[in-house]
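Pasted below: upload.pdb, PDB, N, CA and C atoms.
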```
ATOM      1  N   MET A   1     117.891 245.139 210.327
ATOM      2  CA  MET A   1     117.278 246.276 210.965
ATOM      3  C   MET A   1     115.855 246.444 210.443
ATOM      4  N   ALA A   2     115.023 246.885 211.326
ATOM      5  CA  ALA A   2     113.633 247.118 210.952
ATOM      6  C   ALA A   2     113.512 248.501 210.323
ATOM      7  N   ASP A   3     112.755 248.552 209.256
ATOM      8  CA  ASP A   3     112.516 249.846 208.613
ATOM      9  C   ASP A   3     111.544 250.656 209.455
ATOM     10  N   LYS A   4     111.851 251.930 209.595
ATOM     11  CA  LYS A   4     110.945 252.818 210.331
ATOM     12  C   LYS A   4     109.859 253.298 209.377
ATOM     13  N   LYS A   5     108.625 253.175 209.821
ATOM     14  CA  LYS A   5     107.518 253.663 209.011
ATOM     15  C   LYS A   5     107.115 255.047 209.513
ATOM     16  N   ASN A   6     106.909 255.937 208.561
ATOM     17  CA  ASN A   6     106.447 257.267 208.933
ATOM     18  C   ASN A   6     104.965 257.207 209.278
ATOM     19  N   VAL A   7     104.647 257.773 210.417
ATOM     20  CA  VAL A   7     103.253 257.851 210.819
ATOM     21  C   VAL A   7     102.737 259.223 210.410
ATOM     22  N   ILE A   8     101.663 259.225 209.645
ATOM     23  CA  ILE A   8     101.120 260.491 209.143
ATOM     24  C   ILE A   8      99.838 260.810 209.901
ATOM     25  N   ASN A   9      99.861 261.957 210.526
ATOM     26  CA  ASN A   9      98.670 262.429 211.213
ATOM     27  C   ASN A   9      97.817 263.163 210.177
ATOM     28  N   GLU A  10      96.614 262.672 209.949
ATOM     29  CA  GLU A  10      95.774 263.227 208.879
ATOM     30  C   GLU A  10      95.384 264.678 209.125
ATOM     31  N   THR A  11      95.132 265.035 210.375
ATOM     32  CA  THR A  11      94.744 266.435 210.650
ATOM     33  C   THR A  11      95.916 267.380 210.398
ATOM     34  N   ASP A  12      97.132 266.943 210.776
ATOM     35  CA  ASP A  12      98.309 267.776 210.501
ATOM     36  C   ASP A  12      98.554 267.902 209.004
ATOM     37  N   LEU A  13      98.368 266.792 208.283
ATOM     38  CA  LEU A  13      98.546 266.811 206.834
ATOM     39  C   LEU A  13      97.530 267.747 206.182
ATOM     40  N   GLU A  14      96.281 267.671 206.629
ATOM     41  CA  GLU A  14      95.233 268.532 206.083
ATOM     42  C   GLU A  14      95.543 270.003 206.368
ATOM     43  N   ARG A  15      95.961 270.294 207.592
ATOM     44  CA  ARG A  15      96.310 271.666 207.965
ATOM     45  C   ARG A  15      97.462 272.179 207.101
ATOM     46  N   HIS A  16      98.473 271.317 206.904
ATOM     47  CA  HIS A  16      99.631 271.697 206.097
ATOM     48  C   HIS A  16      99.213 271.970 204.648
ATOM     49  N   MET A  17      98.353 271.134 204.106
ATOM     50  CA  MET A  17      97.910 271.315 202.727
ATOM     51  C   MET A  17      97.077 272.589 202.581
ATOM     52  N   ASN A  18      96.237 272.873 203.566
ATOM     53  CA  ASN A  18      95.450 274.109 203.540
ATOM     54  C   ASN A  18      96.347 275.335 203.626
ATOM     55  N   ASP A  19      97.382 275.255 204.475
ATOM     56  CA  ASP A  19      98.344 276.366 204.581
ATOM     57  C   ASP A  19      99.046 276.609 203.249
ATOM     58  N   GLN A  20      99.460 275.525 202.599
ATOM     59  CA  GLN A  20     100.144 275.651 201.309
ATOM     60  C   GLN A  20      99.217 276.266 200.255
ATOM     61  N   ALA A  21      97.958 275.834 200.265
ATOM     62  CA  ALA A  21      96.991 276.367 199.302
ATOM     63  C   ALA A  21      96.762 277.857 199.542
ATOM     64  N   ALA A  22      96.670 278.246 200.812
ATOM     65  CA  ALA A  22      96.459 279.661 201.146
ATOM     66  C   ALA A  22      97.658 280.501 200.725
ATOM     67  N   ARG A  23      98.860 279.973 200.941
ATOM     68  CA  ARG A  23     100.069 280.706 200.529
ATOM     69  C   ARG A  23     100.114 280.882 199.018
ATOM     70  N   ALA A  24      99.787 279.810 198.287
ATOM     71  CA  ALA A  24      99.809 279.881 196.823
ATOM     72  C   ALA A  24      98.779 280.894 196.333
ATOM     73  N   GLU A  25      97.600 280.888 196.944
ATOM     74  CA  GLU A  25      96.559 281.845 196.558
ATOM     75  C   GLU A  25      97.003 283.272 196.843
ATOM     76  N   SER A  26      97.591 283.491 198.022
ATOM     77  CA  SER A  26      98.069 284.829 198.387
ATOM     78  C   SER A  26      99.157 285.299 197.431
ATOM     79  N   ALA A  27     100.062 284.400 197.075
ATOM     80  CA  ALA A  27     101.143 284.769 196.155
ATOM     81  C   ALA A  27     100.572 285.117 194.787
ATOM     82  N   GLY A  28      99.576 284.364 194.340
ATOM     83  CA  GLY A  28      98.948 284.653 193.044
ATOM     84  C   GLY A  28      98.263 286.005 193.041
ATOM     85  N   ILE A  29      97.564 286.306 194.128
ATOM     86  CA  ILE A  29      96.883 287.595 194.241
ATOM     87  C   ILE A  29      97.891 288.731 194.256
ATOM     88  N   ALA A  30      98.967 288.560 195.026
ATOM     89  CA  ALA A  30      99.996 289.594 195.108
ATOM     90  C   ALA A  30     100.647 289.813 193.749
ATOM     91  N   GLN A  31     100.912 288.736 193.032
ATOM     92  CA  GLN A  31     101.540 288.868 191.713
ATOM     93  C   GLN A  31     100.616 289.580 190.740
ATOM     94  N   LYS A  32      99.326 289.276 190.799
ATOM     95  CA  LYS A  32      98.356 289.937 189.912
ATOM     96  C   LYS A  32      98.284 291.429 190.226
ATOM     97  N   LYS A  33      98.264 291.777 191.527
ATOM     98  CA  LYS A  33      98.222 293.190 191.913
ATOM     99  C   LYS A  33      99.464 293.924 191.415
ATOM    100  N   PHE A  34     100.628 293.293 191.570
ATOM    101  CA  PHE A  34     101.862 293.926 191.139
ATOM    102  C   PHE A  34     101.879 294.115 189.625
ATOM    103  N   SER A  35     101.398 293.115 188.903
ATOM    104  CA  SER A  35     101.341 293.206 187.444
ATOM    105  C   SER A  35     100.425 294.352 187.017
ATOM    106  N   ASN A  36      99.258 294.442 187.654
ATOM    107  CA  ASN A  36      98.327 295.534 187.337
ATOM    108  C   ASN A  36      98.936 296.887 187.685
ATOM    109  N   PHE A  37      99.661 296.940 188.797
ATOM    110  CA  PHE A  37     100.322 298.182 189.195
ATOM    111  C   PHE A  37     101.364 298.593 188.152
ATOM    112  N   GLN A  38     102.139 297.623 187.666
ATOM    113  CA  GLN A  38     103.141 297.927 186.640
ATOM    114  C   GLN A  38     102.484 298.476 185.366
ATOM    115  N   LYS A  39     101.361 297.874 184.962
ATOM    116  CA  LYS A  39     100.643 298.354 183.782
ATOM    117  C   LYS A  39     100.173 299.789 183.993
ATOM    118  N   LEU A  40      99.654 300.054 185.191
ATOM    119  CA  LEU A  40      99.163 301.390 185.507
ATOM    120  C   LEU A  40     100.290 302.415 185.472
ATOM    121  N   VAL A  41     101.424 302.072 186.061
ATOM    122  CA  VAL A  41     102.567 303.002 186.068
ATOM    123  C   VAL A  41     103.031 303.282 184.643
ATOM    124  N   THR A  42     103.058 302.258 183.807
ATOM    125  CA  THR A  42     103.457 302.445 182.407
ATOM    126  C   THR A  42     102.512 303.413 181.708
ATOM    127  N   LYS A  43     101.214 303.255 181.943
ATOM    128  CA  LYS A  43     100.236 304.139 181.323
ATOM    129  C   LYS A  43     100.352 305.560 181.854
ATOM    130  N   VAL A  44     100.622 305.705 183.146
ATOM    131  CA  VAL A  44     100.762 307.039 183.746
ATOM    132  C   VAL A  44     101.963 307.761 183.154
ATOM    133  N   TYR A  45     103.080 307.042 182.964
ATOM    134  CA  TYR A  45     104.266 307.678 182.386
ATOM    135  C   TYR A  45     104.020 308.178 180.968
ATOM    136  N   SER A  46     103.104 307.543 180.258
ATOM    137  CA  SER A  46     102.867 307.944 178.861
ATOM    138  C   SER A  46     101.916 309.138 178.744
ATOM    139  N   LEU A  47     101.320 309.581 179.846
ATOM    140  CA  LEU A  47     100.381 310.705 179.808
ATOM    141  C   LEU A  47     101.118 312.047 179.782
ATOM    142  N   SER A  48     100.495 313.008 179.128
ATOM    143  CA  SER A  48     101.021 314.375 179.188
ATOM    144  C   SER A  48     100.624 314.960 180.546
ATOM    145  N   ASP A  49     101.156 316.130 180.873
ATOM    146  CA  ASP A  49     100.841 316.761 182.161
ATOM    147  C   ASP A  49      99.357 317.031 182.299
ATOM    148  N   LYS A  50      98.757 317.543 181.236
ATOM    149  CA  LYS A  50      97.331 317.866 181.280
ATOM    150  C   LYS A  50      96.498 316.585 181.438
ATOM    151  N   GLU A  51      96.839 315.563 180.671
ATOM    152  CA  GLU A  51      96.120 314.284 180.764
ATOM    153  C   GLU A  51      96.267 313.681 182.163
ATOM    154  N   PHE A  52      97.462 313.819 182.717
ATOM    155  CA  PHE A  52      97.701 313.286 184.057
ATOM    156  C   PHE A  52      96.823 313.995 185.082
ATOM    157  N   ASP A  53      96.745 315.326 184.999
ATOM    158  CA  ASP A  53      95.913 316.085 185.942
ATOM    159  C   ASP A  53      94.455 315.661 185.855
ATOM    160  N   ILE A  54      93.964 315.490 184.635
ATOM    161  CA  ILE A  54      92.573 315.066 184.440
ATOM    162  C   ILE A  54      92.363 313.663 185.004
ATOM    163  N   ALA A  55      93.269 312.752 184.667
ATOM    164  CA  ALA A  55      93.150 311.363 185.129
ATOM    165  C   ALA A  55      93.240 311.279 186.653
ATOM    166  N   PHE A  56      94.142 312.081 187.235
ATOM    167  CA  PHE A  56      94.308 312.037 188.686
ATOM    168  C   PHE A  56      93.075 312.565 189.407
ATOM    169  N   SER A  57      92.501 313.663 188.914
ATOM    170  CA  SER A  57      91.307 314.213 189.551
ATOM    171  C   SER A  57      90.126 313.244 189.406
ATOM    172  N   THR A  58      90.041 312.572 188.256
ATOM    173  CA  THR A  58      88.988 311.577 188.054
ATOM    174  C   THR A  58      89.155 310.415 189.030
ATOM    175  N   LEU A  59      90.381 309.951 189.170
ATOM    176  CA  LEU A  59      90.657 308.838 190.101
ATOM    177  C   LEU A  59      90.346 309.234 191.535
ATOM    178  N   GLU A  60      90.714 310.449 191.905
ATOM    179  CA  GLU A  60      90.411 310.917 193.263
ATOM    180  C   GLU A  60      88.915 310.918 193.535
ATOM    181  N   SER A  61      88.138 311.432 192.589
ATOM    182  CA  SER A  61      86.690 311.483 192.801
ATOM    183  C   SER A  61      86.090 310.075 192.825
ATOM    184  N   MET A  62      86.618 309.183 191.996
ATOM    185  CA  MET A  62      86.135 307.800 192.002
ATOM    186  C   MET A  62      86.398 307.137 193.350
ATOM    187  N   LEU A  63      87.588 307.338 193.882
ATOM    188  CA  LEU A  63      87.938 306.752 195.183
ATOM    189  C   LEU A  63      87.091 307.351 196.304
ATOM    190  N   GLU A  64      86.852 308.634 196.221
ATOM    191  CA  GLU A  64      86.019 309.300 197.229
ATOM    192  C   GLU A  64      84.595 308.739 197.191
ATOM    193  N   ASN A  65      84.035 308.592 195.989
ATOM    194  CA  ASN A  65      82.697 308.020 195.846
ATOM    195  C   ASN A  65      82.654 306.588 196.365
ATOM    196  N   PHE A  66      83.686 305.821 196.051
ATOM    197  CA  PHE A  66      83.759 304.431 196.513
ATOM    198  C   PHE A  66      83.778 304.368 198.035
ATOM    199  N   ASN A  67      84.607 305.204 198.646
ATOM    200  CA  ASN A  67      84.703 305.204 200.110
ATOM    201  C   ASN A  67      83.399 305.657 200.758
ATOM    202  N   ASN A  68      82.735 306.652 200.153
ATOM    203  CA  ASN A  68      81.444 307.105 200.686
ATOM    204  C   ASN A  68      80.398 306.005 200.612
ATOM    205  N   LYS A  69      80.344 305.290 199.491
ATOM    206  CA  LYS A  69      79.394 304.190 199.352
ATOM    207  C   LYS A  69      79.695 303.085 200.363
ATOM    208  N   LYS A  70      80.973 302.825 200.559
ATOM    209  CA  LYS A  70      81.390 301.792 201.518
ATOM    210  C   LYS A  70      80.951 302.179 202.930
ATOM    211  N   LYS A  71      81.118 303.448 203.286
ATOM    212  CA  LYS A  71      80.702 303.927 204.610
ATOM    213  C   LYS A  71      79.189 303.850 204.760
ATOM    214  N   ASP A  72      78.461 304.201 203.688
ATOM    215  CA  ASP A  72      76.998 304.142 203.737
ATOM    216  C   ASP A  72      76.518 302.709 203.944
ATOM    217  N   ILE A  73      77.144 301.769 203.265
ATOM    218  CA  ILE A  73      76.767 300.362 203.415
ATOM    219  C   ILE A  73      77.045 299.884 204.834
ATOM    220  N   GLU A  74      78.209 300.262 205.374
ATOM    221  CA  GLU A  74      78.540 299.880 206.752
ATOM    222  C   GLU A  74      77.546 300.487 207.734
ATOM    223  N   LYS A  75      77.153 301.732 207.480
ATOM    224  CA  LYS A  75      76.188 302.415 208.343
ATOM    225  C   LYS A  75      74.834 301.710 208.282
ATOM    226  N   GLU A  76      74.410 301.328 207.077
ATOM    227  CA  GLU A  76      73.149 300.600 206.905
ATOM    228  C   GLU A  76      73.182 299.263 207.639
ATOM    229  N   ASN A  77      74.285 298.552 207.504
ATOM    230  CA  ASN A  77      74.418 297.254 208.175
ATOM    231  C   ASN A  77      74.337 297.412 209.688
ATOM    232  N   LYS A  78      74.965 298.465 210.190
ATOM    233  CA  LYS A  78      74.932 298.723 211.627
ATOM    234  C   LYS A  78      73.504 299.037 212.081
ATOM    235  N   GLN A  79      72.788 299.846 211.293
ATOM    236  CA  GLN A  79      71.405 300.179 211.623
ATOM    237  C   GLN A  79      70.521 298.930 211.570
ATOM    238  N   ASP A  80      70.738 298.072 210.573
ATOM    239  CA  ASP A  80      69.965 296.838 210.468
ATOM    240  C   ASP A  80      70.193 295.941 211.680
ATOM    241  N   LYS A  81      71.441 295.856 212.114
ATOM    242  CA  LYS A  81      71.749 295.033 213.291
ATOM    243  C   LYS A  81      71.079 295.596 214.536
ATOM    244  N   GLN A  82      71.072 296.925 214.663
ATOM    245  CA  GLN A  82      70.418 297.553 215.811
ATOM    246  C   GLN A  82      68.916 297.300 215.781
ATOM    247  N   LYS A  83      68.305 297.357 214.588
ATOM    248  CA  LYS A  83      66.879 297.074 214.459
ATOM    249  C   LYS A  83      66.587 295.627 214.858
ATOM    250  N   GLU A  84      67.435 294.714 214.405
ATOM    251  CA  GLU A  84      67.252 293.300 214.744
ATOM    252  C   GLU A  84      67.354 293.086 216.254
ATOM    253  N   LYS A  85      68.304 293.746 216.886
ATOM    254  CA  LYS A  85      68.448 293.627 218.341
ATOM    255  C   LYS A  85      67.222 294.176 219.051
ATOM    256  N   SER A  86      66.726 295.315 218.568
ATOM    257  CA  SER A  86      65.537 295.914 219.180
ATOM    258  C   SER A  86      64.340 294.987 219.048
ATOM    259  N   ILE A  87      64.154 294.408 217.879
ATOM    260  CA  ILE A  87      63.050 293.469 217.661
ATOM    261  C   ILE A  87      63.198 292.260 218.577
ATOM    262  N   GLU A  88      64.416 291.773 218.693
ATOM    263  CA  GLU A  88      64.673 290.612 219.551
ATOM    264  C   GLU A  88      64.366 290.941 221.007
ATOM    265  N   ILE A  89      64.755 292.113 221.458
ATOM    266  CA  ILE A  89      64.493 292.530 222.838
ATOM    267  C   ILE A  89      62.994 292.638 223.082
ATOM    268  N   LEU A  90      62.283 293.276 222.137
ATOM    269  CA  LEU A  90      60.834 293.418 222.276
ATOM    270  C   LEU A  90      60.144 292.054 222.277
ATOM    271  N   THR A  91      60.601 291.159 221.418
ATOM    272  CA  THR A  91      60.024 289.816 221.351
ATOM    273  C   THR A  91      60.263 289.071 222.657
ATOM    274  N   ASN A  92      61.458 289.204 223.202
ATOM    275  CA  ASN A  92      61.781 288.538 224.470
ATOM    276  C   ASN A  92      60.933 289.101 225.612
ATOM    277  N   LYS A  93      60.747 290.428 225.626
ATOM    278  CA  LYS A  93      59.929 291.050 226.676
ATOM    279  C   LYS A  93      58.495 290.567 226.571
ATOM    280  N   LYS A  94      57.985 290.494 225.333
ATOM    281  CA  LYS A  94      56.616 290.045 225.112
ATOM    282  C   LYS A  94      56.451 288.593 225.600
ATOM    283  N   THR A  95      57.433 287.770 225.317
ATOM    284  CA  THR A  95      57.392 286.367 225.750
ATOM    285  C   THR A  95      57.409 286.266 227.269
ATOM    286  N   VAL A  96      58.234 287.080 227.903
ATOM    287  CA  VAL A  96      58.321 287.063 229.366
ATOM    288  C   VAL A  96      56.988 287.512 229.979
ATOM    289  N   ILE A  97      56.387 288.557 229.432
ATOM    290  CA  ILE A  97      55.108 289.066 229.935
ATOM    291  C   ILE A  97      54.019 288.001 229.773
ATOM    292  N   GLU A  98      53.979 287.350 228.615
ATOM    293  CA  GLU A  98      52.983 286.305 228.382
ATOM    294  C   GLU A  98      53.181 285.127 229.334
ATOM    295  N   THR A  99      54.425 284.800 229.595
ATOM    296  CA  THR A  99      54.724 283.704 230.503
ATOM    297  C   THR A  99      54.258 284.052 231.924
ATOM    298  N   GLN A 100      54.473 285.288 232.327
ATOM    299  CA  GLN A 100      54.065 285.716 233.671
ATOM    300  C   GLN A 100      52.534 285.743 233.798
ATOM    301  N   LYS A 101      51.833 286.125 232.736
ATOM    302  CA  LYS A 101      50.381 286.155 232.754
ATOM    303  C   LYS A 101      49.789 284.745 232.872
ATOM    304  N   ASN A 102      50.456 283.795 232.240
ATOM    305  CA  ASN A 102      49.975 282.428 232.244
ATOM    306  C   ASN A 102      50.171 281.738 233.590
ATOM    307  N   LYS A 103      51.011 282.270 234.440
ATOM    308  CA  LYS A 103      51.278 281.633 235.748
ATOM    309  C   LYS A 103      50.223 281.907 236.721
TER     310      LYS A 103
END
```

As structure tokens, the full file:
Amino acid sequence: MADKKNVINETDLERHMNDQAARAESAGIAQKKFSNFQKLVTKVYSLSDKEFDIAFSTLESMLENFNNKKKDIEKENKQDKQKEKSIEILTNKKTVIETQKNK
């Protein structure tokens, strides 16, 4: 009997290897997040009521500041994109006008 040889499609192999790498990376990230969460919960349990209230209010304000900065950055990016579009439109109009004058 003739031995059957496996035919390996290189693109499928590459795709499979990339998928495996992405899964391993995702699992590593998830495990790190869970580990950090466990450490945080342990520290929270060791706080007194007063310490917990202080820590919680501090965390809330930090998250609020973070979200505000994130929104400001997104707003700036949106404004920059609008400016770029406006410049592009003006440049295109100028080019069209110059082309019409040259005819």

What separates CA of Glu51 in chain A and CA of Gln31 in chain A is a distance of 28.2 Å

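CA of Asn67 in chain A lies 17.1 Å from atom C of Ala55 in chain A.
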
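Across the model, the gap from CA of Thr99 in chain A to CA of Ser86 in chain A is 19.9 Å.
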
Can you give me N, CA, C and O atoms for range 71-97 of chain A, written as an mmCIF file, in the frame of the given file?
```cif
data_model
loop_
_atom_site.group_PDB
_atom_site.id
_atom_site.type_symbol
_atom_site.label_atom_id
_atom_site.label_comp_id
_atom_site.auth_asym_id
_atom_site.auth_seq_id
_atom_site.Cartn_x
_atom_site.Cartn_y
_atom_site.Cartn_z
ATOM 1 N N LYS A 71 81.118 303.448 203.286
ATOM 2 C CA LYS A 71 80.702 303.927 204.610
ATOM 3 C C LYS A 71 79.189 303.850 204.760
ATOM 4 O O LYS A 71 78.684 303.475 205.817
ATOM 5 N N ASP A 72 78.461 304.201 203.688
ATOM 6 C CA ASP A 72 76.998 304.142 203.737
ATOM 7 C C ASP A 72 76.518 302.709 203.944
ATOM 8 O O ASP A 72 75.591 302.460 204.723
ATOM 9 N N ILE A 73 77.144 301.769 203.265
ATOM 10 C CA ILE A 73 76.767 300.362 203.415
ATOM 11 C C ILE A 73 77.045 299.884 204.834
ATOM 12 O O ILE A 73 76.224 299.195 205.447
ATOM 13 N N GLU A 74 78.209 300.262 205.374
ATOM 14 C CA GLU A 74 78.540 299.880 206.752
ATOM 15 C C GLU A 74 77.546 300.487 207.734
ATOM 16 O O GLU A 74 77.118 299.844 208.693
ATOM 17 N N LYS A 75 77.153 301.732 207.480
ATOM 18 C CA LYS A 75 76.188 302.415 208.343
ATOM 19 C C LYS A 75 74.834 301.710 208.282
ATOM 20 O O LYS A 75 74.195 301.498 209.315
ATOM 21 N N GLU A 76 74.410 301.328 207.077
ATOM 22 C CA GLU A 76 73.149 300.600 206.905
ATOM 23 C C GLU A 76 73.182 299.263 207.639
ATOM 24 O O GLU A 76 72.218 298.887 208.301
ATOM 25 N N ASN A 77 74.285 298.552 207.504
ATOM 26 C CA ASN A 77 74.418 297.254 208.175
ATOM 27 C C ASN A 77 74.337 297.412 209.688
ATOM 28 O O ASN A 77 73.712 296.603 210.376
ATOM 29 N N LYS A 78 74.965 298.465 210.190
ATOM 30 C CA LYS A 78 74.932 298.723 211.627
ATOM 31 C C LYS A 78 73.504 299.037 212.081
ATOM 32 O O LYS A 78 73.049 298.535 213.113
ATOM 33 N N GLN A 79 72.788 299.846 211.293
ATOM 34 C CA GLN A 79 71.405 300.179 211.623
ATOM 35 C C GLN A 79 70.521 298.930 211.570
ATOM 36 O O GLN A 79 69.653 298.744 212.426
ATOM 37 N N ASP A 80 70.738 298.072 210.573
ATOM 38 C CA ASP A 80 69.965 296.838 210.468
ATOM 39 C C ASP A 80 70.193 295.941 211.680
ATOM 40 O O ASP A 80 69.255 295.344 212.213
ATOM 41 N N LYS A 81 71.441 295.856 212.114
ATOM 42 C CA LYS A 81 71.749 295.033 213.291
ATOM 43 C C LYS A 81 71.079 295.596 214.536
ATOM 44 O O LYS A 81 70.565 294.854 215.370
ATOM 45 N N GLN A 82 71.072 296.925 214.663
ATOM 46 C CA GLN A 82 70.418 297.553 215.811
ATOM 47 C C GLN A 82 68.916 297.300 215.781
ATOM 48 O O GLN A 82 68.302 297.038 216.813
ATOM 49 N N LYS A 83 68.305 297.357 214.588
ATOM 50 C CA LYS A 83 66.879 297.074 214.459
ATOM 51 C C LYS A 83 66.587 295.627 214.858
ATOM 52 O O LYS A 83 65.616 295.356 215.565
ATOM 53 N N GLU A 84 67.435 294.714 214.405
ATOM 54 C CA GLU A 84 67.252 293.300 214.744
ATOM 55 C C GLU A 84 67.354 293.086 216.254
ATOM 56 O O GLU A 84 66.566 292.328 216.831
ATOM 57 N N LYS A 85 68.304 293.746 216.886
ATOM 58 C CA LYS A 85 68.448 293.627 218.341
ATOM 59 C C LYS A 85 67.222 294.176 219.051
ATOM 60 O O LYS A 85 66.737 293.583 220.011
ATOM 61 N N SER A 86 66.726 295.315 218.568
ATOM 62 C CA SER A 86 65.537 295.914 219.180
ATOM 63 C C SER A 86 64.340 294.987 219.048
ATOM 64 O O SER A 86 63.581 294.793 220.011
ATOM 65 N N ILE A 87 64.154 294.408 217.879
ATOM 66 C CA ILE A 87 63.050 293.469 217.661
ATOM 67 C C ILE A 87 63.198 292.260 218.577
ATOM 68 O O ILE A 87 62.223 291.800 219.173
ATOM 69 N N GLU A 88 64.416 291.773 218.693
ATOM 70 C CA GLU A 88 64.673 290.612 219.551
ATOM 71 C C GLU A 88 64.366 290.941 221.007
ATOM 72 O O GLU A 88 63.739 290.150 221.717
ATOM 73 N N ILE A 89 64.755 292.113 221.458
ATOM 74 C CA ILE A 89 64.493 292.530 222.838
ATOM 75 C C ILE A 89 62.994 292.638 223.082
ATOM 76 O O ILE A 89 62.473 292.147 224.082
ATOM 77 N N LEU A 90 62.283 293.276 222.137
ATOM 78 C CA LEU A 90 60.834 293.418 222.276
ATOM 79 C C LEU A 90 60.144 292.054 222.277
ATOM 80 O O LEU A 90 59.225 291.809 223.058
ATOM 81 N N THR A 91 60.601 291.159 221.418
ATOM 82 C CA THR A 91 60.024 289.816 221.351
ATOM 83 C C THR A 91 60.263 289.071 222.657
ATOM 84 O O THR A 91 59.358 288.406 223.179
ATOM 85 N N ASN A 92 61.458 289.204 223.202
ATOM 86 C CA ASN A 92 61.781 288.538 224.470
ATOM 87 C C ASN A 92 60.933 289.101 225.612
ATOM 88 O O ASN A 92 60.437 288.361 226.454
ATOM 89 N N LYS A 93 60.747 290.428 225.626
ATOM 90 C CA LYS A 93 59.929 291.050 226.676
ATOM 91 C C LYS A 93 58.495 290.567 226.571
ATOM 92 O O LYS A 93 57.847 290.260 227.570
ATOM 93 N N LYS A 94 57.985 290.494 225.333
ATOM 94 C CA LYS A 94 56.616 290.045 225.112
ATOM 95 C C LYS A 94 56.451 288.593 225.600
ATOM 96 O O LYS A 94 55.465 288.258 226.249
ATOM 97 N N THR A 95 57.433 287.770 225.317
ATOM 98 C CA THR A 95 57.392 286.367 225.750
ATOM 99 C C THR A 95 57.409 286.266 227.269
ATOM 100 O O THR A 95 56.669 285.482 227.859
ATOM 101 N N VAL A 96 58.234 287.080 227.903
ATOM 102 C CA VAL A 96 58.321 287.063 229.366
ATOM 103 C C VAL A 96 56.988 287.512 229.979
ATOM 104 O O VAL A 96 56.488 286.900 230.923
ATOM 105 N N ILE A 97 56.387 288.557 229.432
ATOM 106 C CA ILE A 97 55.108 289.066 229.935
ATOM 107 C C ILE A 97 54.019 288.001 229.773
ATOM 108 O O ILE A 97 53.237 287.746 230.673
#
```
